[in-house]
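A.B. asks: Pasting a structure here, questions to come.
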Amino acid sequence: MKRTSEAAFETAIEAVLLADGYEKLFSGDFDRERAIFPDVALSFIRQTQTKTWEKLEALHGAETGERVLQTLCKWLDTHGALATLRHGFKCFGKTLRIAYFRPAHGLNAELDERYRSNRLGLTRQLHFSPNNEKSLDVVLSVNGIPLVTMELKNPLSGQTAADAIHQYRHDRDPREPMFQFTKRTLVHFAVDTEAAHMTTRLVGANTHFLPFNQGNNGGAGNAPDKFGRNYKTAYLWEEVLTRDSLLDLLARFLHLDVEQKVTDEGKKVRKESMIFPRYHQLQAVRQMVDKAASEGVGHNYLIEHSAGSGKSNTLAWLAHRLSSLHNSADQRIFDSVIVITDRVVLDRQLQDTIYQFDHRQGVVQKIDEDSRQLAEALESAVPIIITTLQKFPFVAGQLAKLNEERGEAGLSHLPTRHYAVIIDEAHSSQSGETATELKGVLGGADLRQKAMDMAKEEGEIHFERLYRSMLKRGRQANISFFAFTATPKHKTLKIFGRNGEPFHRYTMRQAIEEGFIEDVLRNYVTYKTYYKLIKKAEDDPNVERKKAAQALARFMRLHPHNIGQKTEVIIEHFQQFTQHKIGGHAKAMVVTGSRLEAVRYKQEFDRYIKEKGYAIKSLVAFSGTVEDDKIPEKTYTETAMNDGLKEKELPETFAKPDFRVLLVAEKYQTGFDQPLLHTMYVDKRLAGIQAVQTLSRLNRTHPLKNDTFVLDFVNDPAEIQEAFRQYYDGSVMGEEVDPDRLYEIKTELDASAIYLQDEVDAFAQVFFAPKRRQSPSDHKTMNAILDQAVARFADLQKSAEEAAELWRGKLQAFRNLYGFLSQVIPYQDSDLEKLFTYLRHLALKLPKRKTGPGYQFDEEVDLEYYRLQKISEGSISLNEGYAKPLDGPTEVGSGMVREEQVALSRLIDIINERFGGELNEADQLFFEQIAEAALQNESLRKAAEVNSQDKFQLVFSQVLESLFIERMELNEELFTDYMGKPELQDLISKWLGSQVYERFSGK
């Protein structure tokens, strides 16, 4: 056997698993019709359930084995392998088990012995089909039932996991008994020495595989073995598929997810999916459970998992495991698990999932009524309680009422119990007063007793509630918090993290690279608004700078011309480009800066759409009632502006095909999950977490979604980039593109004579011909036209390969630039579109590079799908970059601060300059404020008194940066320039320093 063969790879895996307790089973012992190892299954049942077997044997004699096998296989076919493994099957009135799982504790020796009696088998080259001799590389079985298949590929022999995936899709018939969904095998792995992929359902060419990798430096893939002695994918058989791990997966992780989905056409369908945990989910849950078992109660765990991480399933698995968790002394650790969430879908998912594990009702209770219901659930120690945080402040009063109704003393506290609190989204609000109330309620009798003792010690026995209020703010020894977030704040890390670090992390970068979410920064276009305000008043009153600035900005943002111009840009962009995306079902969101702006946008949208006759329907979302300051007593509500649509019905209505655009003001910017959302138009200042959460509404994937688009009227791309860098490594927006560069590249391509203009025109004439004129020969004609340029390119490649590849690079650059810029710049140049179309298809036929990347996935695009073409083709760059640390809360002084008075005309000049040009004298006001602040600095005054100007300048430079930071919000553009340009820092420091020194000296 060659060391580089697949057989050697199989042998290495086999050696590990046989040493772990698997037994070797042979393909010849496999019943291909029934897809089972019959002798192993019967042997397991006879040995572990002897008395039941004897009773059946008394009825059926020598036919007992055959009758049991028939019943078992029928049960597997009807109820599925997973349910049969967990709950057994009925055979002539007798319950038989085909597997035993590890009990939650070790108090029952008989259960532990049965668990050890499971027979896990490994079979190499299993011939599975009754009709042919095809074989699977490795099959793992439990007590004779095949459950896991593996197709192995070895890059050293020229194949990779991609070949294994192809094999599953095209050479494994899902109708075979072995592969029928849920009935036998439950998970299939395509594995090579570098990467692993898995699926739980074979559906031929449409089989969807997910990456099953550990991650590498925050991104996708697997890191090399640190000792240089093992495969990168060894974790799969050394960790995930070991005997105990596989049985644990079957008992507590795999589950059948049944979902009522709405199709893109608006129809409701039932979808079944077998859920197998992704690697990071499995690792996170097991690490948390193991740590909680060893540490006990009273510790915090922060889980930083990106959107697209599958958080709902991770929560369900964790809640179930914690609810039955015991320590090494077989003592139960948590009396109740409390899940804090605002998501209405999570409770049903938890209940359905956990019922599949236990087949017991009452394990999960959703608190959907009031705080009394929560109080009763806590008092009864329901194993898993799902509630919102807002109900806890009222629980103490409800507990007192419950006791009074029983005729007992009106105690308002619970007995001391141990709790695991799982927080669905660790917002900073959960470190505030409401979270304190939660700790106060769950702290129970011990917290009350501590407060009473402290009050007594201090001689203030009547102030027990005071001390209780004080004590409940701290960490409670009887509560462990498991907090999940994709975007932790400084406060979140401080409260729930460990030394400022999350307990487990799955990065946004890895989620993007693994294809679970879209990169929303990939195509990002910004508009900058230039305007000049003219002062019409005859007098020039003094005004408070900040308030006047806000008023002027509001005036401009609500100006009909401003909203009208932006509305036209938005609707025309959507009409021409976005609506054709995602199979013609793409939707867009417009993010506005205020509720009144949302109202004005909605009005202008409706007017413009009606005027143009476009088939676009929009919805608007804002809270409460909005007053129109232009029309006295005129008010607007979301329901009225949406023609009577109720607020809670909006998400489902927006999912329908007719509704394409959603205009929002402070709503649906977090937690809103709509995979058809493709484009976002931003007319609101975004920063930090808000920027990430808002733009991430676009990141949900869809089978037909291959890009997203953001058109931003307000924000600086550098600031958006900085916001995202805090939460994932390296997504970098490219430099702004010069539109004229497109024509430069076109000129260079034209001059090469690889193609002729007549050929471009001829191709376009066929490709864009009306459908009624299209004929079967069109495909032949287009290929013939393209072949002429292909031949010229091939000749160039033979004589000057470097020049040929340079030309190919220019071709790709033109495609990328046009595909991107044409979405926002109205070129109105048909020659560009013709050339783009021609080159897009020419690129598919050019001879492959002799070196460089082997796969070009876009080369698989069929010509017929062009009319749903991908217009935007930007570049993505993921690198580590610089991530600004998350700042903690800053101290803020109290007291009224009188705002400086400036002339209104001066203020208007400042605003006009800030929106219209580079640094100039209009920013003098900001410098004057800095100088005035410096003159109030006592340490600078003393330094000026005893030092020369040169030495004073050294002290001043150090103080100046803090003065800028304190006032950064007053002039963010100038602040950014100052912090980012050392030469500008030096100039400003010397200029201001000399002024301040002279004024100090003058005194």
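Just so we're on the same page: first chain in the structure tokens is A, next is B, and so on; residues restart at 1 for each chain, and ligands are numbered from 1 in the order they show up.
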Please identify all polymer residues within 10 Å of range 296-301 of chain A, counting only C-alpha atoms, omitting same-chain residues fewer than 4 positions from it, and present them as an NGL selection string.
C.D. replies: :A and (288 or 290-292 or 326-327 or 332-334 or 418-422 or 475-484 or 493 or 495-498 or 501-504)
A.B. asks: Pick out the closest residue to Leu399 in chain A from this set: A:Ala375, A:Ala934, A:Val682, A:Ala161. Count only C-alpha atoms.
C.D. replies: A:Ala375
A.B. asks: Run DSSP on the backbone and give me the residues of range 663-839 of chain A it puts in strand (DSSP E), as a list in words.
C.D. replies: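 Everything in range 663-839 of chain A that counts as strand (DSSP E) is Leu663, Val664, Leu677, His678, Thr679, Met680, Tyr681, Val682, Asp683, Phe709, Val710, Leu711 and Asp712 of chain A.
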A.B. asks: Skipping near chain neighbours, those fewer than 3 positions away, what residues fall within 9 Å of range 164-172 of chain A using only C-alpha atoms, listed as a short mmCIF file (atom, residue, chain, number, x, y, z; two decimals) with C-alpha atoms, in the first residue's frame?
C.D. replies:
```cif
data_model
loop_
_atom_site.label_atom_id
_atom_site.label_comp_id
_atom_site.auth_asym_id
_atom_site.auth_seq_id
_atom_site.Cartn_x
_atom_site.Cartn_y
_atom_site.Cartn_z
CA LYS A 134 -20.31 0.69 -5.56
CA MET A 150 -17.18 9.16 4.87
CA GLU A 151 -15.71 9.62 1.43
CA LEU A 152 -11.98 10.21 1.78
CA LYS A 153 -9.67 11.91 -0.68
CA GLN A 159 -8.00 14.50 -5.35
CA THR A 160 -9.57 16.69 -2.68
CA ALA A 161 -12.77 16.94 -0.65
CA ARG A 175 -33.18 6.42 -3.24
CA GLU A 176 -30.86 3.63 -2.09
CA PHE A 179 -29.23 6.98 1.88
CA HIS A 188 -22.14 12.23 5.36
CA PHE A 189 -18.59 13.62 5.44
CA ALA A 190 -16.46 14.59 2.44
CA VAL A 191 -12.94 14.69 3.83
CA ASP A 192 -9.38 15.15 2.71
CA HIS A 197 -17.49 19.10 4.71
CA MET A 198 -20.73 17.48 5.78
CA LEU A 202 -28.41 13.55 -0.18
CA VAL A 203 -30.53 14.99 -2.98
CA GLY A 204 -28.39 14.26 -6.01
CA ALA A 205 -26.80 17.23 -7.76
CA ASN A 206 -28.59 19.64 -5.37
CA THR A 207 -26.96 18.19 -2.26
CA HIS A 208 -25.74 21.04 -0.07
CA PHE A 209 -22.55 20.50 1.93
#
```
A.B. asks: As a list of chain:residue names, please: the residues near Lys780 in chain A (cut-off 12 Å, only C-alpha atoms, same-chain neighbours under 6 positions excluded).
C.D. replies: A:Phe763, A:Val766, A:Phe767, A:Gln774, A:Leu786, A:Asp787
A.B. asks: Since we have the selection now, will you write its residues out, keeping C-alpha atoms, as a compact mmCIF listing (two decimals), in the first residue's frame?
C.D. replies:
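File selection.txt, as written:
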```
# COMPACT_ATOMS: atom_id res chain seq x y z
CA PHE A 763 -22.42 39.28 -30.62
CA VAL A 766 -27.60 38.06 -31.38
CA PHE A 767 -27.48 38.09 -27.60
CA GLN A 774 -34.25 34.06 -31.26
CA LEU A 786 -16.28 34.55 -29.64
CA ASP A 787 -14.01 31.88 -31.10
```
A.B. asks: So that I can check the surroundings of Asn642 in chain A, please list as a list in words every protein, DNA and RNA residue that reaches within 7 Å of it, counting only C-alpha atoms and ignoring chain neighbours fewer than 3 positions away.
C.D. replies: Leu619, Val620, Glu638, Thr639 and Leu645 of chain A
A.B. asks: Include N, CA and C atoms and write out the residues we just selected as a short mmCIF file (atom, residue, chain, number, x, y, z; two decimals), in the first residue's frame.
C.D. replies:
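The resulting file, part33.cif, is shown below:
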```cif
data_model
loop_
_atom_site.label_atom_id
_atom_site.label_comp_id
_atom_site.auth_asym_id
_atom_site.auth_seq_id
_atom_site.Cartn_x
_atom_site.Cartn_y
_atom_site.Cartn_z
N LEU A 619 -43.30 49.88 2.15
CA LEU A 619 -43.86 49.95 3.50
C LEU A 619 -42.95 50.86 4.32
N VAL A 620 -43.53 51.48 5.35
CA VAL A 620 -42.75 52.33 6.22
C VAL A 620 -42.87 51.83 7.65
N GLU A 638 -47.57 54.65 11.59
CA GLU A 638 -47.11 53.58 10.71
C GLU A 638 -48.30 52.84 10.10
N THR A 639 -49.28 52.50 10.93
CA THR A 639 -50.45 51.74 10.46
C THR A 639 -51.21 52.50 9.38
N LEU A 645 -52.31 48.36 7.74
CA LEU A 645 -51.57 47.16 8.11
C LEU A 645 -51.11 47.25 9.57
#
```
A.B. asks: Enter the distance from CA of Gln958 in chain A to CA of Ser989 in chain A, in Å, rounded to one decimal.
C.D. replies: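 Calculated distance between CA of Gln958 in chain A and CA of Ser989 in chain A is 9.5 Å.
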A.B. asks: List as a list in words the protein and nucleic acid residues near Ser27 in chain A, meaning an atom at most 10 Å away when only C-alpha atoms are counted, but skip any in the same chain fewer than 6 places from it.
C.D. replies: Phe37, Leu122, Thr123, Arg124, Gln125, Leu126, His127, Phe128, Ser135, Leu136 and Val139 of chain A
A.B. asks: With N, CA and C atoms retained, could you export that selection as a PDB file, in the first residue's frame?
C.D. replies:
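See out30.pdb below for the written result:
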```pdb
ATOM      1  N   PHE A  37     -26.625  -4.187   9.532  1.00  0.00           N
ATOM      2  CA  PHE A  37     -25.840  -5.368   9.890  1.00  0.00           C
ATOM      3  C   PHE A  37     -26.725  -6.227  10.792  1.00  0.00           C
ATOM      4  N   LEU A 122     -16.958  -0.095  12.493  1.00  0.00           N
ATOM      5  CA  LEU A 122     -16.311   0.616  11.394  1.00  0.00           C
ATOM      6  C   LEU A 122     -16.142  -0.360  10.238  1.00  0.00           C
ATOM      7  N   THR A 123     -16.598   0.057   9.076  1.00  0.00           N
ATOM      8  CA  THR A 123     -16.492  -0.779   7.886  1.00  0.00           C
ATOM      9  C   THR A 123     -15.815   0.008   6.781  1.00  0.00           C
ATOM     10  N   ARG A 124     -14.773  -0.582   6.183  1.00  0.00           N
ATOM     11  CA  ARG A 124     -14.107   0.043   5.044  1.00  0.00           C
ATOM     12  C   ARG A 124     -14.639  -0.567   3.754  1.00  0.00           C
ATOM     13  N   GLN A 125     -14.804   0.299   2.757  1.00  0.00           N
ATOM     14  CA  GLN A 125     -15.263  -0.124   1.431  1.00  0.00           C
ATOM     15  C   GLN A 125     -16.548  -0.948   1.519  1.00  0.00           C
ATOM     16  N   LEU A 126     -17.561  -0.317   2.141  1.00  0.00           N
ATOM     17  CA  LEU A 126     -18.855  -0.990   2.301  1.00  0.00           C
ATOM     18  C   LEU A 126     -19.631  -0.961   0.983  1.00  0.00           C
ATOM     19  N   HIS A 127     -19.956  -2.145   0.461  1.00  0.00           N
ATOM     20  CA  HIS A 127     -20.805  -2.256  -0.726  1.00  0.00           C
ATOM     21  C   HIS A 127     -22.255  -2.167  -0.258  1.00  0.00           C
ATOM     22  N   PHE A 128     -22.899  -1.066  -0.598  1.00  0.00           N
ATOM     23  CA  PHE A 128     -24.176  -0.719   0.026  1.00  0.00           C
ATOM     24  C   PHE A 128     -25.399  -0.983  -0.827  1.00  0.00           C
ATOM     25  N   SER A 135     -19.042   1.277  -3.582  1.00  0.00           N
ATOM     26  CA  SER A 135     -18.711   1.162  -2.157  1.00  0.00           C
ATOM     27  C   SER A 135     -18.410   2.527  -1.569  1.00  0.00           C
ATOM     28  N   LEU A 136     -18.605   2.621  -0.255  1.00  0.00           N
ATOM     29  CA  LEU A 136     -18.275   3.817   0.528  1.00  0.00           C
ATOM     30  C   LEU A 136     -16.939   3.582   1.223  1.00  0.00           C
ATOM     31  N   VAL A 139     -17.763   3.570   6.731  1.00  0.00           N
ATOM     32  CA  VAL A 139     -19.101   3.683   7.305  1.00  0.00           C
ATOM     33  C   VAL A 139     -19.009   3.347   8.784  1.00  0.00           C
TER      34      VAL A 139
END
```
A.B. asks: Give me the residues within 12 Å of Glu239 in chain A as a ChimeraX atom specification, counting only C-alpha atoms and dropping any in the same chain fewer than 2 places off.
C.D. replies: /A:13,16-17,20,214,233-237,241-246,248-249,279,282-283,286
A.B. asks: Could you save those same residues with C-alpha atoms as a PDB file, in the first residue's frame?
C.D. replies:
```
ATOM      1  CA  ILE A  13      -8.484   6.726  10.553  1.00  0.00           C
ATOM      2  CA  VAL A  16      -7.573   5.607  15.733  1.00  0.00           C
ATOM      3  CA  LEU A  17     -11.206   4.505  15.951  1.00  0.00           C
ATOM      4  CA  ASP A  20     -11.050   3.962  20.815  1.00  0.00           C
ATOM      5  CA  GLN A 214     -12.121  24.256  13.076  1.00  0.00           C
ATOM      6  CA  THR A 233      -8.577  17.142   9.744  1.00  0.00           C
ATOM      7  CA  ALA A 234      -7.588  14.661  12.467  1.00  0.00           C
ATOM      8  CA  TYR A 235     -10.041  16.339  14.875  1.00  0.00           C
ATOM      9  CA  LEU A 236     -12.866  14.664  12.955  1.00  0.00           C
ATOM     10  CA  TRP A 237     -11.971  11.103  13.962  1.00  0.00           C
ATOM     11  CA  LEU A 241     -16.409  10.669  15.824  1.00  0.00           C
ATOM     12  CA  THR A 242     -14.907   8.876  18.814  1.00  0.00           C
ATOM     13  CA  ARG A 243     -17.151   6.361  20.533  1.00  0.00           C
ATOM     14  CA  ASP A 244     -18.369   8.592  23.363  1.00  0.00           C
ATOM     15  CA  SER A 245     -18.641  11.666  21.150  1.00  0.00           C
ATOM     16  CA  LEU A 246     -20.729   9.968  18.452  1.00  0.00           C
ATOM     17  CA  ASP A 248     -23.386  11.946  22.629  1.00  0.00           C
ATOM     18  CA  LEU A 249     -24.145  13.526  19.258  1.00  0.00           C
ATOM     19  CA  TYR A 279     -17.810  22.292  14.555  1.00  0.00           C
ATOM     20  CA  LEU A 282     -20.233  21.483  19.102  1.00  0.00           C
ATOM     21  CA  GLN A 283     -17.026  22.857  20.563  1.00  0.00           C
ATOM     22  CA  ARG A 286     -19.126  21.063  25.091  1.00  0.00           C
TER      23      ARG A 286
END
```
